[in-house]
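Peer 1: The file below is target-v2.cif, mmCIF, C-alpha atoms:
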```cif
data_run
#
loop_
_atom_site.label_atom_id
_atom_site.label_comp_id
_atom_site.auth_asym_id
_atom_site.auth_seq_id
_atom_site.Cartn_x
_atom_site.Cartn_y
_atom_site.Cartn_z
CA PHE E 75 70.62 44.89 -56.52
CA ILE E 76 68.23 42.11 -55.50
CA VAL E 77 67.14 38.84 -57.02
CA ASP E 78 64.15 38.65 -59.36
CA TYR E 79 62.97 35.14 -58.44
CA ARG E 80 60.76 34.90 -61.50
CA GLU E 81 63.65 35.28 -63.93
CA LYS E 82 66.54 34.28 -61.63
CA ARG E 83 68.48 37.47 -62.33
CA ARG E 84 69.52 40.68 -60.59
CA ILE E 85 67.29 43.73 -61.03
CA THR E 86 67.86 47.42 -60.37
CA LYS E 87 65.91 49.71 -58.07
CA GLU E 88 64.34 51.40 -61.12
CA GLU E 89 63.03 48.07 -62.40
CA TRP E 90 61.76 47.23 -58.92
CA ASP E 91 59.83 50.51 -58.73
CA ASP E 92 58.31 49.92 -62.17
CA MET E 93 57.00 46.54 -61.05
CA ASP E 94 55.28 48.31 -58.16
CA LEU E 95 52.88 50.16 -60.47
CA ASP E 96 50.39 47.33 -60.87
CA GLN E 97 47.28 48.35 -58.90
CA THR E 98 45.27 45.16 -59.46
CA GLU E 99 45.38 42.85 -56.45
CA SER E 100 44.41 39.24 -57.08
CA ILE E 101 45.30 35.64 -56.29
CA SER E 102 48.56 34.38 -57.75
CA LYS E 103 48.91 30.71 -58.68
CA SER E 104 51.92 28.50 -59.37
CA ASN E 105 52.00 25.72 -61.95
CA SER E 106 51.67 23.18 -59.13
CA GLY E 107 48.39 24.64 -57.87
CA LEU E 108 49.72 26.65 -54.91
CA GLU E 109 47.68 29.84 -54.42
CA TYR E 110 48.77 33.09 -52.77
CA PHE E 111 47.12 36.35 -51.79
CA ARG E 112 47.94 39.16 -49.37
CA ALA E 113 45.01 39.34 -46.98
CA SER E 114 43.29 41.79 -44.67
CA ILE E 115 40.43 41.41 -42.21
CA ILE E 116 37.87 44.20 -42.58
CA GLU E 117 35.04 44.92 -40.18
CA HIS E 118 32.10 47.22 -39.60
CA THR E 119 29.48 47.60 -36.89
CA ASP E 120 25.86 47.72 -37.99
CA SER E 121 23.03 49.79 -36.54
CA GLN E 122 22.23 47.00 -34.08
CA GLY E 123 25.73 47.11 -32.62
CA ASP E 124 26.83 43.81 -34.16
CA THR E 125 30.33 43.63 -35.65
CA HIS E 126 30.81 41.85 -38.97
CA THR E 127 34.19 40.76 -40.34
CA ASP E 128 35.32 39.54 -43.74
CA LEU E 129 38.55 38.24 -45.29
CA ARG E 130 39.73 40.36 -48.23
CA ILE E 131 42.60 40.70 -50.67
CA PHE E 132 44.60 43.64 -49.34
CA ASP E 133 45.58 46.59 -51.53
CA GLU E 134 47.96 48.99 -49.79
CA ASP E 135 46.94 51.91 -52.01
CA PRO E 136 44.33 54.01 -50.12
CA ASN E 137 42.66 54.81 -53.44
CA TYR E 138 41.86 51.19 -54.17
CA PRO E 139 39.44 48.92 -52.25
CA ASP E 140 40.31 45.60 -50.68
CA VAL E 141 38.61 43.21 -53.11
CA GLU E 142 36.66 40.02 -52.49
CA VAL E 143 38.41 36.66 -52.51
CA PRO E 144 37.51 35.01 -55.86
CA MET E 145 35.01 32.17 -55.85
CA ASP E 146 37.45 29.86 -57.67
CA SER E 147 40.01 30.10 -54.85
CA LEU E 148 40.51 27.12 -52.56
CA ILE E 149 39.22 28.87 -49.45
CA SER E 150 36.03 29.92 -51.27
CA LYS E 151 35.52 26.40 -52.61
CA ILE E 152 35.55 25.06 -49.05
CA ARG E 153 32.98 27.62 -47.98
CA MET E 154 30.69 26.75 -50.90
CA SER E 155 31.31 23.01 -51.24
CA ARG E 156 28.90 21.89 -48.53
CA SER E 157 26.05 23.84 -50.12
CA SER E 158 26.61 22.20 -53.49
CA GLN E 159 27.03 18.62 -52.31
CA LEU E 160 23.92 18.40 -50.10
CA ASP E 161 20.42 17.74 -51.36
CA GLN E 162 18.63 20.92 -50.31
CA ARG E 163 15.41 19.05 -49.51
CA HIS E 164 17.38 16.96 -47.06
CA VAL E 165 18.83 20.12 -45.51
CA LYS E 166 15.37 21.62 -45.03
CA ARG E 167 14.11 18.37 -43.51
CA ARG E 168 16.98 18.30 -41.01
CA ASN E 169 16.64 22.01 -40.29
CA LYS E 170 13.10 21.51 -38.95
CA THR E 171 14.28 19.16 -36.22
CA GLN E 172 17.98 19.84 -35.65
CA GLY E 173 18.62 23.38 -36.85
CA ALA E 174 20.57 24.63 -39.85
CA LYS E 175 23.83 22.87 -39.17
CA GLU E 176 24.64 21.03 -42.38
CA ASN E 177 25.08 23.85 -44.84
CA ARG E 178 28.71 24.62 -43.93
CA PRO E 179 32.06 22.85 -43.47
CA LEU E 180 32.40 20.76 -40.34
CA MET E 181 35.79 21.74 -38.89
CA MET E 182 38.87 23.93 -39.21
CA PHE E 183 42.14 23.26 -37.38
CA CYS E 184 44.60 26.01 -36.45
CA ILE E 185 48.28 25.35 -35.69
CA THR E 186 50.07 28.42 -34.32
CA MET E 187 53.86 28.81 -34.52
CA TYR E 188 56.68 31.28 -34.00
CA GLN E 189 60.22 29.92 -34.54
CA GLU E 190 59.77 26.19 -33.96
CA ASP E 191 61.24 23.56 -36.27
CA PHE E 192 59.51 21.61 -39.02
CA THR E 193 59.55 18.37 -37.03
CA GLN E 194 57.14 19.89 -34.54
CA PHE E 195 54.83 20.92 -37.36
CA ILE E 196 54.79 17.34 -38.68
CA GLN E 197 53.72 16.09 -35.26
CA SER E 198 50.73 18.41 -35.02
CA PHE E 199 49.84 18.10 -38.72
CA ALA E 200 49.80 14.30 -38.42
CA GLY E 201 47.44 14.48 -35.44
CA CYS E 202 45.03 16.78 -37.29
CA VAL E 203 45.00 14.54 -40.37
CA ARG E 204 44.42 11.47 -38.19
CA SER E 205 41.43 13.23 -36.55
CA ILE E 206 39.95 14.05 -39.96
CA ILE E 207 40.40 10.43 -41.04
CA GLU E 208 38.56 9.18 -37.95
CA ILE E 209 35.61 11.55 -38.41
CA ILE E 210 35.25 10.68 -42.10
CA ASP E 211 35.45 6.95 -41.30
CA TYR E 212 32.81 7.16 -38.54
CA TYR E 213 30.24 8.82 -40.79
CA LYS E 214 31.02 7.00 -44.04
CA GLU E 215 28.09 4.56 -43.80
CA MET E 216 25.56 7.16 -42.70
CA GLU E 217 23.04 9.06 -44.83
CA GLU E 218 24.98 12.26 -44.41
CA SER E 219 28.70 11.57 -44.59
CA TYR E 220 31.63 13.97 -44.51
CA ASN E 221 34.58 14.22 -46.86
CA GLN E 222 37.76 16.26 -47.28
CA ASN E 223 35.76 19.33 -48.39
CA ASP E 224 34.42 19.65 -44.84
CA PHE E 225 37.83 20.25 -43.23
CA GLY E 226 40.79 22.59 -43.39
CA ILE E 227 44.14 22.89 -41.62
CA VAL E 228 45.64 26.36 -41.11
CA LEU E 229 49.26 26.96 -40.06
CA ILE E 230 49.78 30.55 -38.82
CA ALA E 231 53.33 31.89 -38.46
CA ASP E 232 53.83 34.93 -36.23
CA GLY E 233 55.86 37.16 -38.56
CA ILE E 234 57.14 36.28 -42.02
CA ALA E 235 60.59 37.71 -41.23
CA LYS E 236 60.74 35.52 -38.10
CA LEU E 237 60.14 32.29 -40.05
CA PRO E 238 63.22 30.07 -39.54
CA THR E 239 65.22 29.54 -42.73
CA GLU E 240 65.12 25.76 -42.35
CA PHE E 241 61.35 25.82 -41.86
CA ALA E 242 60.87 27.96 -44.97
CA GLU E 243 63.06 25.58 -46.96
CA GLU E 244 60.92 22.62 -45.89
CA LEU E 245 57.76 24.47 -46.89
CA ARG E 246 59.30 25.26 -50.28
CA LYS E 247 60.38 21.66 -50.75
CA HIS E 248 56.82 20.47 -50.23
CA ASP E 249 55.39 23.30 -52.37
CA LEU E 250 53.60 25.00 -49.46
CA PHE E 251 55.48 28.31 -49.77
CA ASP E 252 56.87 30.11 -52.81
CA GLU E 253 58.55 33.52 -52.73
CA GLU E 254 57.83 33.95 -56.43
CA LEU E 255 54.11 34.24 -55.65
CA CYS E 256 54.55 36.91 -52.97
CA TYR E 257 57.13 38.82 -54.96
CA ASN E 258 57.04 42.55 -54.15
CA LYS E 259 54.23 42.04 -51.60
CA VAL E 260 56.46 41.42 -48.59
CA ALA E 261 59.44 43.74 -49.04
CA ARG E 262 60.59 46.77 -51.02
CA MET E 263 63.78 48.60 -51.95
CA ASP E 264 64.67 51.58 -49.75
CA ALA E 265 66.69 54.67 -50.75
CA ASN E 266 69.91 52.79 -50.01
CA GLU E 267 68.83 49.91 -52.25
CA LYS E 268 68.35 47.60 -49.29
CA HIS E 269 65.65 44.95 -49.21
CA VAL E 270 63.36 45.93 -46.29
CA LEU E 271 60.01 44.75 -44.97
CA ARG E 272 57.12 46.83 -46.24
CA LYS E 273 55.23 49.14 -43.86
CA PHE E 274 51.49 49.51 -44.40
CA THR E 275 49.68 52.68 -43.28
CA LYS E 276 46.21 52.08 -44.70
CA THR E 277 43.64 52.07 -41.88
CA ILE E 278 40.30 52.18 -43.74
CA THR E 279 38.97 50.74 -46.99
CA THR E 280 35.83 50.60 -49.10
CA LEU E 281 34.18 47.67 -50.83
CA GLU E 282 34.33 47.53 -54.61
CA LYS E 283 30.97 47.84 -56.38
CA GLU E 284 29.21 48.16 -53.04
CA GLU E 285 26.70 50.73 -54.25
CA GLU E 286 26.08 51.13 -57.96
CA GLY E 287 26.45 54.70 -59.18
CA VAL E 288 27.77 56.09 -55.88
CA ASP E 289 30.94 58.16 -56.03
CA VAL E 290 33.94 56.39 -54.50
CA LYS E 291 34.37 59.19 -51.97
CA ASN E 292 30.89 58.54 -50.62
CA LEU E 293 31.18 54.77 -50.18
CA ARG E 294 30.90 53.33 -46.70
CA LYS E 295 34.29 53.05 -44.98
CA TYR E 296 35.46 49.85 -43.30
CA THR E 297 38.12 49.57 -40.61
CA TYR E 298 40.48 46.64 -40.01
CA SER E 299 40.27 44.09 -37.19
CA THR E 300 44.08 44.34 -37.19
CA ASN E 301 46.41 46.61 -39.14
CA ASN E 302 48.61 43.59 -39.79
CA VAL E 303 48.24 41.76 -43.11
CA GLY E 304 48.57 38.06 -43.80
CA HIS E 305 50.45 36.32 -46.61
CA ILE E 306 48.21 33.32 -47.29
CA PHE E 307 49.32 30.29 -49.29
CA SER E 308 46.81 27.51 -49.93
CA LYS E 309 46.82 24.12 -51.59
CA ARG E 310 44.70 20.98 -51.77
CA LEU E 311 47.15 18.30 -50.62
CA LYS E 312 46.87 14.98 -52.39
CA LYS E 313 47.82 11.65 -50.83
CA THR E 314 51.31 11.80 -52.31
CA ASP E 315 51.81 15.34 -50.94
CA ILE E 316 50.90 14.24 -47.41
CA GLU E 317 53.14 11.19 -47.62
CA SER E 318 56.03 13.39 -48.74
CA ILE E 319 55.53 15.81 -45.83
CA VAL E 320 55.43 13.19 -43.07
CA THR E 321 57.93 10.68 -44.48
CA ASN E 322 61.08 11.32 -42.50
CA SER E 323 63.23 8.58 -40.99
CA ASP E 324 64.13 10.85 -38.05
CA MET E 325 60.48 11.02 -37.02
CA ILE E 326 60.07 7.33 -36.11
CA GLY E 327 59.15 6.95 -32.45
CA ILE E 328 58.15 10.53 -31.64
CA LEU E 329 54.42 9.83 -31.75
CA HIS E 330 52.35 7.86 -29.28
CA ASP E 331 53.04 4.50 -30.97
CA LYS E 332 56.79 4.12 -30.67
CA ASP E 333 57.07 1.23 -33.16
CA LYS E 334 55.46 3.12 -36.04
CA GLY E 335 56.53 5.85 -38.43
CA VAL E 336 54.34 8.92 -38.83
CA LEU E 337 52.51 7.66 -41.93
CA GLU E 338 51.83 4.26 -40.33
CA TRP E 339 50.56 6.02 -37.22
CA MET E 340 48.18 8.18 -39.25
CA ILE E 341 46.58 5.36 -41.24
CA SER E 342 47.03 2.51 -38.72
CA LYS E 343 49.28 0.52 -41.04
CA GLY E 344 46.88 0.65 -43.97
CA GLU E 345 43.57 0.39 -42.12
CA PHE E 346 42.56 3.85 -43.37
CA GLU E 347 43.01 5.80 -46.59
CA LEU E 348 44.56 9.25 -46.61
CA PRO E 349 42.04 11.90 -47.67
CA GLU E 350 42.99 15.02 -49.58
CA ILE E 351 43.60 17.93 -47.19
CA ASN E 352 42.82 21.61 -47.63
CA PHE E 353 45.95 23.28 -46.28
CA PHE E 354 46.61 26.97 -45.61
CA PHE E 355 49.86 28.60 -44.54
CA CYS E 356 49.37 32.15 -43.25
CA ALA E 357 52.56 34.11 -42.58
CA LYS E 358 51.62 37.29 -40.72
CA HIS E 359 53.48 40.30 -42.10
CA GLU E 360 54.60 41.47 -38.68
CA ASN E 361 55.28 39.63 -35.45
CA SER E 362 52.28 40.57 -33.24
CA GLY E 363 51.87 37.70 -30.79
CA LYS E 364 49.82 34.52 -30.47
CA ILE E 365 46.56 36.26 -29.53
CA GLU E 366 46.63 38.08 -32.85
CA SER E 367 47.31 34.75 -34.58
CA HIS E 368 44.09 33.52 -33.00
CA LEU E 369 42.37 36.66 -34.30
CA TRP E 370 43.52 35.78 -37.83
CA PHE E 371 42.10 32.30 -37.46
CA PHE E 372 38.72 33.26 -35.99
CA LYS E 373 37.99 36.66 -37.57
CA GLY E 374 39.77 35.82 -40.82
CA PHE E 375 39.55 32.15 -41.79
CA CYS E 376 36.60 31.04 -39.65
CA SER E 377 34.52 34.14 -40.30
CA TYR E 378 34.95 33.54 -44.04
CA VAL E 379 34.62 29.73 -44.16
CA ASN E 380 32.05 29.45 -41.32
CA PRO E 381 32.94 25.97 -39.98
CA LYS E 382 30.86 24.39 -37.25
CA TYR E 383 33.83 23.44 -35.05
CA CYS E 384 37.29 24.97 -34.53
CA GLN E 385 40.33 23.33 -32.94
CA MET E 386 43.32 25.35 -31.71
CA ILE E 387 46.69 23.60 -31.43
CA ASP E 388 50.15 24.88 -30.51
CA ILE E 389 52.81 23.59 -32.88
CA GLY E 390 54.39 20.43 -31.50
CA THR E 391 51.21 19.26 -29.74
CA ILE E 392 50.20 15.75 -30.84
CA PRO E 393 46.46 14.99 -30.58
CA LEU E 394 45.85 11.46 -29.35
CA LYS E 395 44.05 8.99 -31.57
CA ARG E 396 40.26 9.17 -31.13
CA SER E 397 40.54 12.33 -29.01
CA ILE E 398 39.37 15.24 -31.17
CA SER E 399 37.19 12.96 -33.28
CA LYS E 400 35.35 11.61 -30.22
CA ILE E 401 34.57 15.13 -29.02
CA VAL E 402 33.15 16.09 -32.43
CA ILE E 403 31.12 12.89 -32.74
CA ARG E 404 29.64 13.36 -29.25
CA MET E 405 28.73 16.96 -29.98
CA GLU E 406 27.05 15.89 -33.22
CA VAL E 407 24.72 13.42 -31.48
#
```
Could you write out this structure as structure tokens?
Peer 2:
Amino acid sequence: FIVDYREKRRITKEEWDDMDLDQTESISKSNSGLEYFRASIIEHTDSQGDTHTDLRIFDEDPNYPDVEVPMDSLISKIRMSRSSQLDQRHVKRRNKTQGAKENRPLMMFCITMYQEDFTQFIQSFAGCVRSIIEIIDYYKEMEESYNQNDFGIVLIADGIAKLPTEFAEELRKHDLFDEELCYNKVARMDANEKHVLRKFTKTITTLEKEEEGVDVKNLRKYTYSTNNVGHIFSKRLKKTDIESIVTNSDMIGILHDKDKGVLEWMISKGEFELPEINFFFCAKHENSGKIESHLWFFKGFCSYVNPKYCQMIDIGTIPLKRSISKIVIRMEV
């Protein structure tokens, strides 16, 4: 027997197998706004030799395509938000002199981890948020300002089974991870009624509705950038969410200003306001190394969102104040 988290009861192997019959892959959402989908990165090479990648919702059944990420998902809203908030005449005017640089989010941050503790995540997360605050503040009086829709922070864990129990508990506490949403997507029951990590054998996929009227067997086949899949949780963090994450009495003194707590360090004791933050937690299904974590960030998240700048950070690294923001501001001149 195993636990059915949705109903808080024990279920049998027969019930488990019945739940596995649903062939429709989609985004799951909790009452608090946390989103989840099991992701793949598909790719194909065109006639010119250029490789194109796309983030998809993974369906392990070879007879079903990996479907597009819905437009009402958080990651899609980030990709589209810049287009909707800019006056298109202004974009065209800027494009003539400075190139088409405005019609996409400004920056995505990637924090890679393996089995580190949550305290180290807070350090790096605080530095990323502080950098976003500084960039928003610098441009706030200008004709073309930036806001929270132009940024995203991605935490990538190298193997969902390798995630430390304490770390997972902290994520749950702050509503950044929920096993109810990934129910039956991570593990399965084996013949001995043991809960084991799923193994995926699908190596090619098609795109749904790619060619109207064409038989499924004749659709173009797409390969995967990696045969690993990602369990992606996403949430727009409000000010109270961020305060809850970083408020920890044990954290005082670990940042560069030894007399301040993490929250005080981030907002300079009230000088700045906390913005809302687009946060993504991607737990890779299998442990495949840091380089593959970078692949998930660049070929998965960045290929889909198309930010102008990307910042890689190892968990525990604390960006200095006015470090990342100064680089971005200089490159924007």
Peer 1: Can you turn the PyMOL selection byres ((chain E and resi 108) around 12) into a concrete residue list for this file, as number ranges by chain?
Peer 2: E: 101-107, 109-111, 147-148, 245-246, 248-256, 306-311, 352-355
Peer 1: Please produce a file of those selected residues containing C-alpha atoms, as a compact mmCIF listing (two decimals), in the coordinates of the input.
Peer 2:
```txt
# COMPACT_ATOMS: atom_id res chain seq x y z
CA ILE E 101 45.30 35.64 -56.29
CA SER E 102 48.56 34.38 -57.75
CA LYS E 103 48.91 30.71 -58.68
CA SER E 104 51.92 28.50 -59.37
CA ASN E 105 52.00 25.72 -61.95
CA SER E 106 51.67 23.18 -59.13
CA GLY E 107 48.39 24.64 -57.87
CA GLU E 109 47.68 29.84 -54.42
CA TYR E 110 48.77 33.09 -52.77
CA PHE E 111 47.12 36.35 -51.79
CA SER E 147 40.01 30.10 -54.85
CA LEU E 148 40.51 27.12 -52.56
CA LEU E 245 57.76 24.47 -46.89
CA ARG E 246 59.30 25.26 -50.28
CA HIS E 248 56.82 20.47 -50.23
CA ASP E 249 55.39 23.30 -52.37
CA LEU E 250 53.60 25.00 -49.46
CA PHE E 251 55.48 28.31 -49.77
CA ASP E 252 56.87 30.11 -52.81
CA GLU E 253 58.55 33.52 -52.73
CA GLU E 254 57.83 33.95 -56.43
CA LEU E 255 54.11 34.24 -55.65
CA CYS E 256 54.55 36.91 -52.97
CA ILE E 306 48.21 33.32 -47.29
CA PHE E 307 49.32 30.29 -49.29
CA SER E 308 46.81 27.51 -49.93
CA LYS E 309 46.82 24.12 -51.59
CA ARG E 310 44.70 20.98 -51.77
CA LEU E 311 47.15 18.30 -50.62
CA ASN E 352 42.82 21.61 -47.63
CA PHE E 353 45.95 23.28 -46.28
CA PHE E 354 46.61 26.97 -45.61
CA PHE E 355 49.86 28.60 -44.54
```
Peer 1: List the residues matched by the PyMOL selection byres ((chain E and resi 349) around 10) in the displayed structure as a PDB file with C-alpha atoms, in the coordinates of the input, ordered by chain and then by residue number.
Peer 2:
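The resulting result.pdb:
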```pdb
ATOM      1  CA  VAL E 203      45.000  14.540 -40.370  1.00  0.00           C
ATOM      2  CA  ARG E 204      44.420  11.470 -38.190  1.00  0.00           C
ATOM      3  CA  ILE E 206      39.950  14.050 -39.960  1.00  0.00           C
ATOM      4  CA  ILE E 207      40.400  10.430 -41.040  1.00  0.00           C
ATOM      5  CA  ILE E 210      35.250  10.680 -42.100  1.00  0.00           C
ATOM      6  CA  ASN E 221      34.580  14.220 -46.860  1.00  0.00           C
ATOM      7  CA  GLN E 222      37.760  16.260 -47.280  1.00  0.00           C
ATOM      8  CA  ASN E 223      35.760  19.330 -48.390  1.00  0.00           C
ATOM      9  CA  LEU E 311      47.150  18.300 -50.620  1.00  0.00           C
ATOM     10  CA  LYS E 312      46.870  14.980 -52.390  1.00  0.00           C
ATOM     11  CA  LYS E 313      47.820  11.650 -50.830  1.00  0.00           C
ATOM     12  CA  ILE E 316      50.900  14.240 -47.410  1.00  0.00           C
ATOM     13  CA  PHE E 346      42.560   3.850 -43.370  1.00  0.00           C
ATOM     14  CA  GLU E 347      43.010   5.800 -46.590  1.00  0.00           C
ATOM     15  CA  LEU E 348      44.560   9.250 -46.610  1.00  0.00           C
ATOM     16  CA  GLU E 350      42.990  15.020 -49.580  1.00  0.00           C
ATOM     17  CA  ILE E 351      43.600  17.930 -47.190  1.00  0.00           C
ATOM     18  CA  ASN E 352      42.820  21.610 -47.630  1.00  0.00           C
TER      19      ASN E 352
END
```
Peer 1: Around (35.4, 52.8, -40.6) in the file's frame, which residues reach within 10 Å when counting all atoms listed in the file? Return as a VMD selection string?
Peer 2: chain E and resid 116 to 119 277 to 280 294 to 298
Peer 1: Selection in question (the file shown): the PyMOL selection byres ((chain E and resi 233) around 8). Which residues does it include, as a list in words?
Peer 2: Tyr188, Ala231, Asp232, Ile234, Ala235, Lys236, Leu237, Ala357, Lys358, His359, Glu360, Asn361 and Ser362 of chain E
Peer 1: Please, could you write that set of residues out with C-alpha atoms as a compact mmCIF listing (two decimals), in the frame of the given file?
Peer 2:
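Dumped everything to out.txt:
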```
# COMPACT_ATOMS: atom_id res chain seq x y z
CA TYR E 188 56.68 31.28 -34.00
CA ALA E 231 53.33 31.89 -38.46
CA ASP E 232 53.83 34.93 -36.23
CA ILE E 234 57.14 36.28 -42.02
CA ALA E 235 60.59 37.71 -41.23
CA LYS E 236 60.74 35.52 -38.10
CA LEU E 237 60.14 32.29 -40.05
CA ALA E 357 52.56 34.11 -42.58
CA LYS E 358 51.62 37.29 -40.72
CA HIS E 359 53.48 40.30 -42.10
CA GLU E 360 54.60 41.47 -38.68
CA ASN E 361 55.28 39.63 -35.45
CA SER E 362 52.28 40.57 -33.24
```
Peer 1: Point out the residue among E:Phe132, E:Trp339, E:Phe241, E:Tyr220 with the least atom-to-atom distance to Pro393 of chain E, counting all atoms listed in the file.
Peer 2: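 Checking each candidate against Pro393 of chain E, we get E:Trp339 as the closest.
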Peer 1: Which residues of segment 336-376 of chain E come within 8 Å of segment 123-129 of chain E, and for each one, what is the closest pair of atoms and their distance in Å to one decimal, counting only C-alpha atoms, sorted by chain and residue number, as a tab-separated table?
Peer 2:
```
residue	atom	partner	partner_atom	distance
E:Lys373	CA	E:Thr127	CA	6.2
E:Gly374	CA	E:Leu129	CA	5.2
E:Phe375	CA	E:Leu129	CA	7.1
```
